[in-house]
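Student: One structure, pasted below without further comment.
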Amino acid sequence: MGLITPVSRGVPETKASIMNGVRGIGPVTLFPVPRGRSLPVGEIHGSFEMDGLPRTHQFALIAAEEAMADSSDAPDAIVIGGTTGGMALTEEHLKRGDTSRELFKYHATGSVAEYLAARLKCRGPVITVSTACSSGTAALKVALEMLREGRARNILVGGADSLCRLTYYGFNALQLIDPAGARPLDVDRRGMTVSEGAGMLLLEGKDKVPDNAIAEILGAGLSCDAYHPSSPDPEGTGALAAMRAAIKDGCISASEIDYVNLHGTGTIDNDLSEARALDRLFVEDKPLLSSIKGAFGHSLAAAGAIEAVISAMSISDNFVPGNTGCKTPDPELRLNPVIEPMESDIQTVLSSSFGFGGNNASVVIGKPKKEGAAISSQGPSHLTIVGCACITGAGKTRMTEKAFSEGRSCKGILPDREVSKDLSPKTVRRIKRLSRLALSLAIAAHKDSGESDDPNSLFFGTGWGPLSNTYDFLTKLYESGEHFTSPTDFIGSVHNAPAGLLAIRFRARGPNITTTGGDYSFEQSLMTASLLTKERDDLILVVGADESHEILSGLFDDSVSGDQTPSDGGGAICLRRADTPSGLRLLPTFFEYSKGNPSIILSLIDSLGGPAKIKSKYGALLAGIPGSLRERGRDQLSQFLEGSGFGGPVIDYRRLTGEFASASAVAAVLAVCFAREGKIPEGLCGKKSSSLNGKGILIIGLGKFVTAVEVIT
Amino acid sequence: MEETVKILIDELRVKIIDTLNLEDIMPDDIGENDQLIGGELGLDSIDVLELVMMIEKDYSVRIDNKELGAKVFANLRALAGYIQEKSPGLSH
């Protein structure tokens with residue numbers, strides 16, 4: 001495990017600090033604030049200016065190196081929770097009006113995990129979960145399922161976030177900051193303290209418990225309130241659902257829990273809704289409980305991971321952290337927190353994190369058992385495709401399919417009135433482009449499915465998130481000398497804001513995950529969907545979308561800046577989990593990092609069953625080569641074609657869809673359309689249309705990562 | 001009613017529509033005694049915060065707790081009255 005927090009650096013120092021009741025909250029020094037506007041924060045002091053590498057990345061590396069210190073193997077996979085990414089540096093550059101793209105190369109929220117993959121020589125899947133304040137805990141759930149499915153044997157999982165103006169002023173605009181510093185559970189509590197840091201855990205999935213095991217992740221659960229974009233459900237129903245799901249997943253009962261590590265931010269609403277959830281979870285006496293956010297602050301995506309590490313520490317070292325900041329527990333909460341740190345025999349801990357968009361995640365951690373958990377030997381199974389929809393500059397699904405089929409460009413930006421045509425004015429008045437794209441896509445895909453039930457689980461992949469909201473928030477902030485900004489823009493700026501709106505629209509209370517990883521964000525969301533929807537008959541929506549922003553897209557995305565025609569859009573696929581999937585179905589099958597991985601294409605061919613299998617299974621290939629990596633991508637494609645001997649139609653789709661991070665979502669939808677018709681249109685084959693002859697379509701992503709998704713009948 | 005409060009109410013009608021992007025609402029649609037939050041306009045807590053920010057920016061009046069907010073945002077009259085009382089630019 002590894003930690004860096006405003007209180008301490010490293011696991012041993014953290015334990016000592018907790019036992020001494022150290023509080024890491026003080027005035028902000030990271031950036032100047034207008035007079036009279038100084039609010040307490042949890043700031044990690046020290047020099048973190050390193051080669052243009054943002055704070056978040058540095059924190060992540062420090063914690064990761066500590067977690068990996070005793071391990072000689074690179075992790076098979078990396079799953080990180082994050083919200084800020086390189087924002088602390090980006091907002092500085094935007095304030096100064098810098099226009100050099102080099103300065104923004106670490107902006108992406110997904111770039112933290114990629115940076116770790118490069119440094120730690122990981123070749124496998126790299127996933128970034130961006131579900132606001134629940135990200136760190138949600139990342140644990142994703143990693144847990146990857147281990148259970150046998151997709152990886154060891155995974156580095158965690159969360160990292162840094163202080164920045166966006167979150168400092170954003171939470172303040174929502175009046176969620178306590179000017180006296182967070183006082184979780186206190187009768188006079190007035191809010192949270194924004195903080196920063198990183199927590200990392202190295203997880204191993206084995207048949208036998210290793211000698212150096214510190215603790216065991218017994219289970220984890222996810223849910224969505226589907227209530228409001230930023231306020232929690234006051235009854236705590238969603239929080240309760242996540243906690244119950246984690247307990248059930250861990251095959252234990254609530255009465256076996258010795259300690260609850262609360263989300264406990266110190267806001268009036270969170271602490272109350274969490275307390276109500278706990279009232280319903282523990283019918284009799286409640287176990288020992290405390291929130292550490294009065295000492296550590298709320299480090300957003302890092303919080304869930306830091307708290308998981310501390311929960312594991314409490315098990316291995318038998319202690320309970322004190323609920324710093326609470327002088328008089330609020331009687332309305334009916335909670336009796338541990339105020340001073342204490343020693344106690346702790347076998348099992350429940351830790352939860354709740355975020356914007358009503359996103360809830362809980363994890364149950366226990367003493368390592370003698371027997372290991374069962375690891376599936378079956379492998380993942382396909383998801384049945386029941387509906388789909390896409391949007392490009394050419395128009396919605398039918399228009400895009402027509403243009404693409406004729407080999408005509410679909411580049412461009414579909415005017416907003418077209419995108420929002422089927423959305424009511426009430427729905428759209430305070431949502432901006434990315435959310436409008438996501439809503440329009442999701443509603444259309446669901447309609448296309450003809451299914452009468454609403455989706456329960458939602459997965460959203462986006463390379464860059466809500467750029468309009470982010471830009472407008474910062475612009476208003478800077479124009480007013482950092483006095484004023486827009487609360488609506490802040491709430492709308494989190495990567496998972498669109499997914500939160502979809503949950504409300506569809507009353508979807510199951511798992512709700514937003515993933516981000518540049519051009520492979522949609523593939524990440526497909527993989528996450530495949531891992532997290534095990535309930536039979538679950539109706540699932542997977543959406544990938546990105547918006548084109550006239551200032552930011554060109555600064556952030558090298559493929560965008562290299563293309564003449566700004567483009568945006570996305571795709572959505574409605575899926576169902578079935579016992580024996582039949583008919584048109586989909587599976588993400590391969591995901592590896594190409595850096596330091598010279599045999600990656602051989603690996604891909606191998607994973608698909610070898611040349612003979614590839615030729616017999618797939619009738620067409622849709623290849624995604626990001627514009628900024630054309631040479632590497634074309635090279636990889638050549639290797640694949642030579643190595644596999646695949647001779648069917650190969651479509652370099654981004655030449656037609658345009659350059660935007662979620663173009664692969666459009667490709668996936670088009671693959672479904674072509675598979676339904678059983679042929680590849682003549683406009684794409686260069687001769688007459690090519691029948692698929694019952695074969696499927698392979699969608700591969702190339703460049704920085706190599707991914708494969710199959711659509712088969 | 002005082003002339004300044006009347007003018008302020010009219011001003012606020014426009015600002016509310018503008019700040020909250022209420023595209024299909026005309027200023028006259030917001031009656032001075034109409035419930036602002038949770039009423040026909042369909043405004044919620046996020047909209048309140050947006051208006052709070054606008055009021056601080058345009059009138060230098062702070063509304064920084066829920067109880068005060070509930071009182072002040074009851075309707076346009078209450079809002080205008082409070083702003084008129086507290087605003088350094090407007091109060092006598």
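Going through the structure tokens in order, the chains are called A, B, and so on, while each chain numbers its residues from 1 and the ligands are numbered from 1 in the order shown.
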Tell me, which residues of range 5-86 of chain B carry DSSP alpha helix (DSSP H), written as a tab-separated table (two decimals) with C-alpha atoms, in the first residue's frame?
Tutor:
```tsv
chain	number	residue	atom	x	y	z
B	5	VAL	CA	-38.61	47.99	-5.27
B	6	LYS	CA	-40.87	47.89	-8.33
B	7	ILE	CA	-37.96	48.68	-10.60
B	8	LEU	CA	-35.86	46.12	-8.79
B	9	ILE	CA	-38.53	43.43	-9.23
B	10	ASP	CA	-38.63	44.08	-12.97
B	11	GLU	CA	-34.84	43.97	-13.12
B	12	LEU	CA	-34.78	40.71	-11.18
B	13	ARG	CA	-37.31	39.11	-13.52
B	14	VAL	CA	-34.98	39.63	-16.44
B	15	LYS	CA	-31.88	38.58	-14.50
B	16	ILE	CA	-33.50	35.37	-13.26
B	17	ILE	CA	-34.50	34.39	-16.76
B	18	ASP	CA	-31.06	35.26	-18.07
B	19	THR	CA	-29.01	33.61	-15.31
B	45	SER	CA	-31.34	24.17	-5.03
B	46	ILE	CA	-28.76	24.49	-7.80
B	47	ASP	CA	-30.74	27.36	-9.33
B	48	VAL	CA	-30.88	29.03	-5.92
B	49	LEU	CA	-27.09	28.90	-5.68
B	50	GLU	CA	-26.77	30.34	-9.16
B	51	LEU	CA	-29.06	33.22	-8.18
B	52	VAL	CA	-27.18	33.70	-4.91
B	53	MET	CA	-23.99	34.12	-6.92
B	54	MET	CA	-25.66	36.60	-9.28
B	55	ILE	CA	-27.07	38.63	-6.38
B	56	GLU	CA	-23.69	38.85	-4.70
B	57	LYS	CA	-22.05	39.85	-7.95
B	58	ASP	CA	-24.62	42.40	-9.11
B	59	TYR	CA	-25.85	43.80	-5.79
B	66	LYS	CA	-30.18	27.81	3.95
B	67	GLU	CA	-32.63	29.43	6.38
B	68	LEU	CA	-32.02	32.92	5.05
B	69	GLY	CA	-32.22	31.56	1.51
B	70	ALA	CA	-35.58	29.94	2.13
B	71	LYS	CA	-36.99	33.23	3.44
B	72	VAL	CA	-35.49	35.47	0.79
B	76	LEU	CA	-39.89	38.09	-6.01
B	77	ARG	CA	-41.26	40.60	-3.49
B	78	ALA	CA	-39.31	39.00	-0.65
B	79	LEU	CA	-36.19	38.86	-2.76
B	80	ALA	CA	-36.41	42.45	-3.95
B	81	GLY	CA	-37.21	43.65	-0.46
B	82	TYR	CA	-34.16	41.95	1.01
B	83	ILE	CA	-31.82	43.17	-1.69
B	84	GLN	CA	-33.14	46.70	-1.38
B	85	GLU	CA	-32.54	46.60	2.37
B	86	LYS	CA	-29.05	45.15	2.26
```
Student: List the spatial neighbours of Glu204 in chain A as a PyMOL selection string - criterion: any atom at most 9 Å away, only C-alpha atoms, same-chain residues fewer than 5 positions off excluded.
Tutor: chain A and resi 147+152-156+210+213
Student: Counting only C-alpha atoms, which residues of chain A fall within 10 Å of chain B, and what is the closest atom pair for each with its distance in Å at one decimal, ordered by chain and rising number, as a Markdown table?
Tutor:
```
| residue | atom | partner | partner_atom | distance |
| --- | --- | --- | --- | --- |
| A:Ala173 | CA | B:Leu49 | CA | 7.3 |
| A:Leu174 | CA | B:Leu49 | CA | 6.4 |
| A:Gln175 | CA | B:Asp64 | CA | 7.1 |
| A:Arg190 | CA | B:Asn65 | CA | 9.6 |
| A:His228 | CA | B:Ile46 | CA | 9.7 |
| A:Pro229 | CA | B:Ile46 | CA | 8.8 |
| A:Ser230 | CA | B:Ile46 | CA | 8.2 |
| A:Ser231 | CA | B:Ser45 | CA | 8.7 |
| A:Pro425 | CA | B:Glu23 | CA | 7.5 |
| A:Lys426 | CA | B:Leu22 | CA | 8.1 |
| A:Val428 | CA | B:Asn21 | CA | 9.4 |
| A:Arg429 | CA | B:Asn21 | CA | 5.7 |
| A:Arg430 | CA | B:Asn21 | CA | 6.8 |
| A:Ile431 | CA | B:Asn21 | CA | 9.9 |
| A:Ser480 | CA | B:Lys57 | CA | 8.9 |
| A:His483 | CA | B:Lys57 | CA | 8.3 |
| A:Phe484 | CA | B:Met53 | CA | 6.8 |
| A:Thr485 | CA | B:Met53 | CA | 7.3 |
| A:Ser486 | CA | B:Glu50 | CA | 6.3 |
| A:Pro487 | CA | B:Glu50 | CA | 5.8 |
| A:Thr488 | CA | B:Ile46 | CA | 6.5 |
| A:Asp489 | CA | B:Glu50 | CA | 9.5 |
| A:Ile491 | CA | B:Ile46 | CA | 8.8 |
```
Student: I need the chosen residues saved as a tab-separated table (two decimals), in the first residue's frame, with N, CA and C atoms.
Tutor:
```
chain	number	residue	atom	x	y	z
A	173	ALA	N	-18.67	27.72	-4.22
A	173	ALA	CA	-19.84	28.27	-4.91
A	173	ALA	C	-21.10	27.49	-4.54
A	174	LEU	N	-20.94	26.25	-4.13
A	174	LEU	CA	-22.08	25.45	-3.71
A	174	LEU	C	-22.36	25.61	-2.22
A	175	GLN	N	-21.59	26.49	-1.57
A	175	GLN	CA	-21.72	26.72	-0.13
A	175	GLN	C	-21.56	25.42	0.66
A	190	ARG	N	-20.56	22.61	9.17
A	190	ARG	CA	-21.07	23.49	8.12
A	190	ARG	C	-20.56	23.11	6.75
A	228	HIS	N	-30.53	13.52	-7.80
A	228	HIS	CA	-30.19	14.92	-8.04
A	228	HIS	C	-28.73	15.00	-8.47
A	229	PRO	N	-28.41	16.00	-9.32
A	229	PRO	CA	-27.02	16.06	-9.81
A	229	PRO	C	-25.96	16.25	-8.74
A	230	SER	N	-26.30	16.92	-7.62
A	230	SER	CA	-25.23	17.16	-6.65
A	230	SER	C	-25.62	16.88	-5.20
A	231	SER	N	-26.91	16.84	-4.91
A	231	SER	CA	-27.29	16.56	-3.51
A	231	SER	C	-27.59	15.08	-3.33
A	425	PRO	N	-37.13	21.60	-23.35
A	425	PRO	CA	-36.42	22.79	-22.88
A	425	PRO	C	-36.12	22.71	-21.38
A	426	LYS	N	-37.07	22.17	-20.63
A	426	LYS	CA	-36.86	22.04	-19.18
A	426	LYS	C	-35.64	21.18	-18.89
A	428	VAL	N	-33.04	20.62	-20.89
A	428	VAL	CA	-31.73	21.08	-21.37
A	428	VAL	C	-31.30	22.43	-20.85
A	429	ARG	N	-32.18	23.17	-20.17
A	429	ARG	CA	-31.84	24.57	-19.90
A	429	ARG	C	-30.52	24.76	-19.18
A	430	ARG	N	-30.16	23.88	-18.30
A	430	ARG	CA	-28.89	24.10	-17.63
A	430	ARG	C	-27.88	22.99	-17.88
A	431	ILE	N	-28.04	22.28	-18.97
A	431	ILE	CA	-27.01	21.32	-19.32
A	431	ILE	C	-26.39	21.70	-20.65
A	480	SER	N	-13.80	37.68	-13.09
A	480	SER	CA	-14.25	38.41	-11.90
A	480	SER	C	-13.14	38.53	-10.87
A	483	HIS	N	-13.58	36.14	-7.88
A	483	HIS	CA	-14.61	36.40	-6.89
A	483	HIS	C	-15.89	35.61	-7.15
A	484	PHE	N	-16.21	35.46	-8.44
A	484	PHE	CA	-17.49	34.83	-8.75
A	484	PHE	C	-17.35	33.75	-9.81
A	485	THR	N	-18.21	32.78	-9.75
A	485	THR	CA	-18.26	31.78	-10.82
A	485	THR	C	-19.63	31.11	-10.81
A	486	SER	N	-19.81	30.05	-11.57
A	486	SER	CA	-21.12	29.45	-11.71
A	486	SER	C	-21.20	28.09	-11.02
A	487	PRO	N	-22.07	27.95	-10.01
A	487	PRO	CA	-22.25	26.64	-9.36
A	487	PRO	C	-22.72	25.59	-10.36
A	488	THR	N	-23.59	26.00	-11.28
A	488	THR	CA	-24.12	25.05	-12.26
A	488	THR	C	-22.99	24.51	-13.14
A	489	ASP	N	-22.09	25.39	-13.54
A	489	ASP	CA	-20.97	24.95	-14.37
A	489	ASP	C	-20.06	24.00	-13.60
A	491	ILE	N	-20.89	21.89	-11.09
A	491	ILE	CA	-21.56	20.58	-11.01
A	491	ILE	C	-21.51	19.88	-12.37
```
Student: I'd like the contact shell of His549 in chain A - 8 Å cut-off, only C-alpha atoms, skipping same-chain residues fewer than 3 positions apart - returned as number ranges by chain.
Tutor: A: 467-468, 552-554
Student: Quick one: residues within 12 Å of Cys574 in chain A, only C-alpha atoms, excluding same-chain residues fewer than 3 positions away - as a PyMOL selection string?
Tutor: chain A and resi 383-390+441-451+453-459+526+529+538-544+571+577+584-586+668-669+672
Student: So that I have them on file, write out the residues from the current selection with N, CA and C atoms, as a short mmCIF file (atom, residue, chain, number, x, y, z; two decimals), in the first residue's frame.
Tutor:
```cif
data_model
loop_
_atom_site.label_atom_id
_atom_site.label_comp_id
_atom_site.auth_asym_id
_atom_site.auth_seq_id
_atom_site.Cartn_x
_atom_site.Cartn_y
_atom_site.Cartn_z
N LEU A 383 -22.29 -9.86 -24.24
CA LEU A 383 -23.51 -9.14 -23.90
C LEU A 383 -24.35 -9.04 -25.16
N THR A 384 -25.64 -9.33 -25.03
CA THR A 384 -26.54 -9.28 -26.19
C THR A 384 -26.84 -7.84 -26.55
N ILE A 385 -26.74 -7.51 -27.83
CA ILE A 385 -26.99 -6.14 -28.30
C ILE A 385 -28.47 -6.01 -28.63
N VAL A 386 -29.12 -5.03 -27.99
CA VAL A 386 -30.56 -4.84 -28.28
C VAL A 386 -30.87 -3.50 -28.92
N GLY A 387 -29.95 -2.55 -28.88
CA GLY A 387 -30.22 -1.26 -29.50
C GLY A 387 -28.96 -0.44 -29.63
N CYS A 388 -29.00 0.55 -30.51
CA CYS A 388 -27.83 1.42 -30.64
C CYS A 388 -28.21 2.74 -31.27
N ALA A 389 -27.32 3.73 -31.14
CA ALA A 389 -27.52 5.05 -31.76
C ALA A 389 -26.19 5.76 -31.82
N CYS A 390 -26.03 6.65 -32.81
CA CYS A 390 -24.79 7.43 -32.85
C CYS A 390 -25.07 8.83 -33.37
N LEU A 441 -28.13 10.45 -27.17
CA LEU A 441 -27.66 9.12 -27.58
C LEU A 441 -28.33 8.02 -26.77
N ALA A 442 -28.36 8.21 -25.46
CA ALA A 442 -28.90 7.17 -24.59
C ALA A 442 -30.39 6.94 -24.86
N ILE A 443 -31.13 8.04 -25.00
CA ILE A 443 -32.57 7.92 -25.26
C ILE A 443 -32.81 7.22 -26.59
N ALA A 444 -32.02 7.59 -27.59
CA ALA A 444 -32.19 6.99 -28.92
C ALA A 444 -31.84 5.51 -28.92
N ALA A 445 -30.76 5.15 -28.24
CA ALA A 445 -30.36 3.73 -28.21
C ALA A 445 -31.39 2.89 -27.48
N HIS A 446 -31.92 3.45 -26.40
CA HIS A 446 -32.94 2.73 -25.65
C HIS A 446 -34.20 2.56 -26.49
N LYS A 447 -34.57 3.62 -27.20
CA LYS A 447 -35.76 3.57 -28.07
C LYS A 447 -35.55 2.53 -29.17
N ASP A 448 -34.34 2.51 -29.73
CA ASP A 448 -34.03 1.56 -30.79
C ASP A 448 -34.17 0.12 -30.30
N SER A 449 -33.91 -0.09 -29.02
CA SER A 449 -33.97 -1.44 -28.49
C SER A 449 -35.39 -1.98 -28.42
N GLY A 450 -36.35 -1.05 -28.30
CA GLY A 450 -37.74 -1.48 -28.16
C GLY A 450 -38.01 -2.15 -26.82
N GLU A 451 -37.04 -2.14 -25.91
CA GLU A 451 -37.25 -2.78 -24.62
C GLU A 451 -38.17 -1.92 -23.77
N ASP A 453 -38.43 -2.16 -20.42
CA ASP A 453 -37.86 -1.78 -19.12
C ASP A 453 -36.73 -0.77 -19.33
N ASP A 454 -36.46 -0.02 -18.27
CA ASP A 454 -35.40 0.98 -18.34
C ASP A 454 -34.06 0.33 -17.98
N PRO A 455 -32.96 0.86 -18.50
CA PRO A 455 -31.67 0.31 -18.10
C PRO A 455 -31.42 0.54 -16.61
N ASN A 456 -30.77 -0.43 -15.99
CA ASN A 456 -30.45 -0.35 -14.57
C ASN A 456 -29.01 0.09 -14.34
N SER A 457 -28.14 -0.28 -15.28
CA SER A 457 -26.71 0.02 -15.15
C SER A 457 -26.27 0.91 -16.31
N LEU A 458 -25.46 1.91 -15.98
CA LEU A 458 -25.03 2.87 -16.99
C LEU A 458 -23.52 3.00 -17.00
N PHE A 459 -22.95 3.02 -18.19
CA PHE A 459 -21.50 3.16 -18.32
C PHE A 459 -21.22 4.23 -19.36
N LEU A 526 -16.79 -0.19 -22.06
CA LEU A 526 -17.29 -1.52 -22.43
C LEU A 526 -16.72 -2.59 -21.50
N ALA A 529 -18.40 -2.30 -18.18
CA ALA A 529 -19.76 -2.83 -18.27
C ALA A 529 -19.72 -4.35 -18.20
N ASP A 538 -30.06 -8.00 -16.67
CA ASP A 538 -29.79 -6.58 -16.51
C ASP A 538 -29.85 -5.87 -17.85
N LEU A 539 -30.58 -4.75 -17.93
CA LEU A 539 -30.52 -3.95 -19.15
C LEU A 539 -29.47 -2.86 -18.93
N ILE A 540 -28.57 -2.74 -19.87
CA ILE A 540 -27.39 -1.91 -19.69
C ILE A 540 -27.27 -0.91 -20.83
N LEU A 541 -26.83 0.29 -20.50
CA LEU A 541 -26.51 1.27 -21.54
C LEU A 541 -25.04 1.62 -21.45
N VAL A 542 -24.34 1.56 -22.58
CA VAL A 542 -22.95 2.01 -22.62
C VAL A 542 -22.86 3.14 -23.63
N VAL A 543 -22.41 4.30 -23.17
CA VAL A 543 -22.38 5.49 -24.02
C VAL A 543 -20.96 6.03 -24.09
N GLY A 544 -20.56 6.44 -25.28
CA GLY A 544 -19.28 7.11 -25.42
C GLY A 544 -19.51 8.43 -26.15
N GLY A 571 -21.48 7.49 -29.51
CA GLY A 571 -22.35 6.36 -29.78
C GLY A 571 -22.87 5.76 -28.49
N ARG A 577 -27.66 -8.59 -20.41
CA ARG A 577 -26.91 -9.74 -19.91
C ARG A 577 -27.84 -10.93 -19.97
N LEU A 584 -27.15 -11.09 -32.05
CA LEU A 584 -26.09 -10.11 -32.16
C LEU A 584 -25.52 -9.82 -30.76
N ARG A 585 -24.21 -9.99 -30.60
CA ARG A 585 -23.65 -9.76 -29.28
C ARG A 585 -22.24 -9.18 -29.38
N LEU A 586 -21.76 -8.72 -28.22
CA LEU A 586 -20.55 -7.90 -28.20
C LEU A 586 -19.68 -8.32 -27.03
N ALA A 668 -18.34 1.37 -33.21
CA ALA A 668 -19.02 0.21 -32.65
C ALA A 668 -20.49 0.19 -33.09
N VAL A 669 -21.14 1.34 -33.09
CA VAL A 669 -22.54 1.41 -33.52
C VAL A 669 -22.67 1.07 -35.00
N VAL A 672 -22.51 -2.56 -35.47
CA VAL A 672 -23.79 -3.19 -35.17
C VAL A 672 -24.73 -3.06 -36.37
#
```
Student: Could you give me, as a ChimeraX atom specification, the residues within 10 Å of range 566-570 of chain A, counting only C-alpha atoms and dropping anything in the same chain fewer than 2 positions from it?
Tutor: /A:389-396,410-414,419,433-434,437-438,441,461-462,522,543-550,553-554,560-564,572,657-669
Student: Which residues, written as an MDAnalysis selection string, have at least one atom at most 8 Å from Ala138 in chain A, with only C-alpha atoms counted and residues fewer than 4 positions away on the same chain left out?
Tutor: chainID A and resid 81 129 131 134 142 222 360:362 513
Student: Could you give me, as a list in words, the residues within 12 Å of Asn212 in chain A, counting only C-alpha atoms and dropping anything in the same chain fewer than 5 positions from it?
Tutor: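 Residues near the query, excluding close chain neighbours: Met1, Asp70, Ser71, Leu202, Leu203, Glu204, Ser316 and Pro368 of chain A.
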Student: Write the residues of the selection above to a file with N, CA and C atoms, as a PDB file, in the first residue's frame.
Tutor:
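The new file part18.pdb reads:
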```pdb
ATOM      1  N   MET A   1       0.853  -1.200   0.000  1.00  0.00           N
ATOM      2  CA  MET A   1       0.000   0.000   0.000  1.00  0.00           C
ATOM      3  C   MET A   1       0.885   1.244   0.000  1.00  0.00           C
ATOM      4  N   ASP A  70       7.832  -3.691  -2.536  1.00  0.00           N
ATOM      5  CA  ASP A  70       8.270  -5.071  -2.303  1.00  0.00           C
ATOM      6  C   ASP A  70       7.962  -5.988  -3.465  1.00  0.00           C
ATOM      7  N   SER A  71       7.568  -5.414  -4.567  1.00  0.00           N
ATOM      8  CA  SER A  71       7.162  -6.245  -5.690  1.00  0.00           C
ATOM      9  C   SER A  71       8.133  -6.082  -6.842  1.00  0.00           C
ATOM     10  N   LEU A 202      -1.751  -2.534  -3.896  1.00  0.00           N
ATOM     11  CA  LEU A 202      -1.404  -3.578  -4.844  1.00  0.00           C
ATOM     12  C   LEU A 202      -2.229  -4.796  -4.464  1.00  0.00           C
ATOM     13  N   LEU A 203      -3.127  -5.197  -5.366  1.00  0.00           N
ATOM     14  CA  LEU A 203      -4.005  -6.328  -5.093  1.00  0.00           C
ATOM     15  C   LEU A 203      -3.537  -7.546  -5.846  1.00  0.00           C
ATOM     16  N   GLU A 204      -3.622  -8.695  -5.186  1.00  0.00           N
ATOM     17  CA  GLU A 204      -3.284  -9.944  -5.865  1.00  0.00           C
ATOM     18  C   GLU A 204      -4.469 -10.891  -5.766  1.00  0.00           C
ATOM     19  N   SER A 316      -4.828  -4.643  10.044  1.00  0.00           N
ATOM     20  CA  SER A 316      -3.539  -5.298  10.285  1.00  0.00           C
ATOM     21  C   SER A 316      -2.932  -4.858  11.615  1.00  0.00           C
ATOM     22  N   PRO A 368      -7.000 -11.348   6.165  1.00  0.00           N
ATOM     23  CA  PRO A 368      -6.840 -12.360   5.107  1.00  0.00           C
ATOM     24  C   PRO A 368      -7.289 -13.725   5.611  1.00  0.00           C
TER      25      PRO A 368
END
```
Student: Among range 199-336 of chain A, which residues carry a DSSP assignment of strand (DSSP E), reported as a ChimeraX atom specification?
Tutor: /A:199-204,216-224,259-261,288-290,319-320
Student: If I take CA of Ser690 in chain A and CA of Lys615 in chain A, how far is one from the other in Å, to one decimal?
Tutor: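 Distance reported for this atom pair: 14.7 Å.
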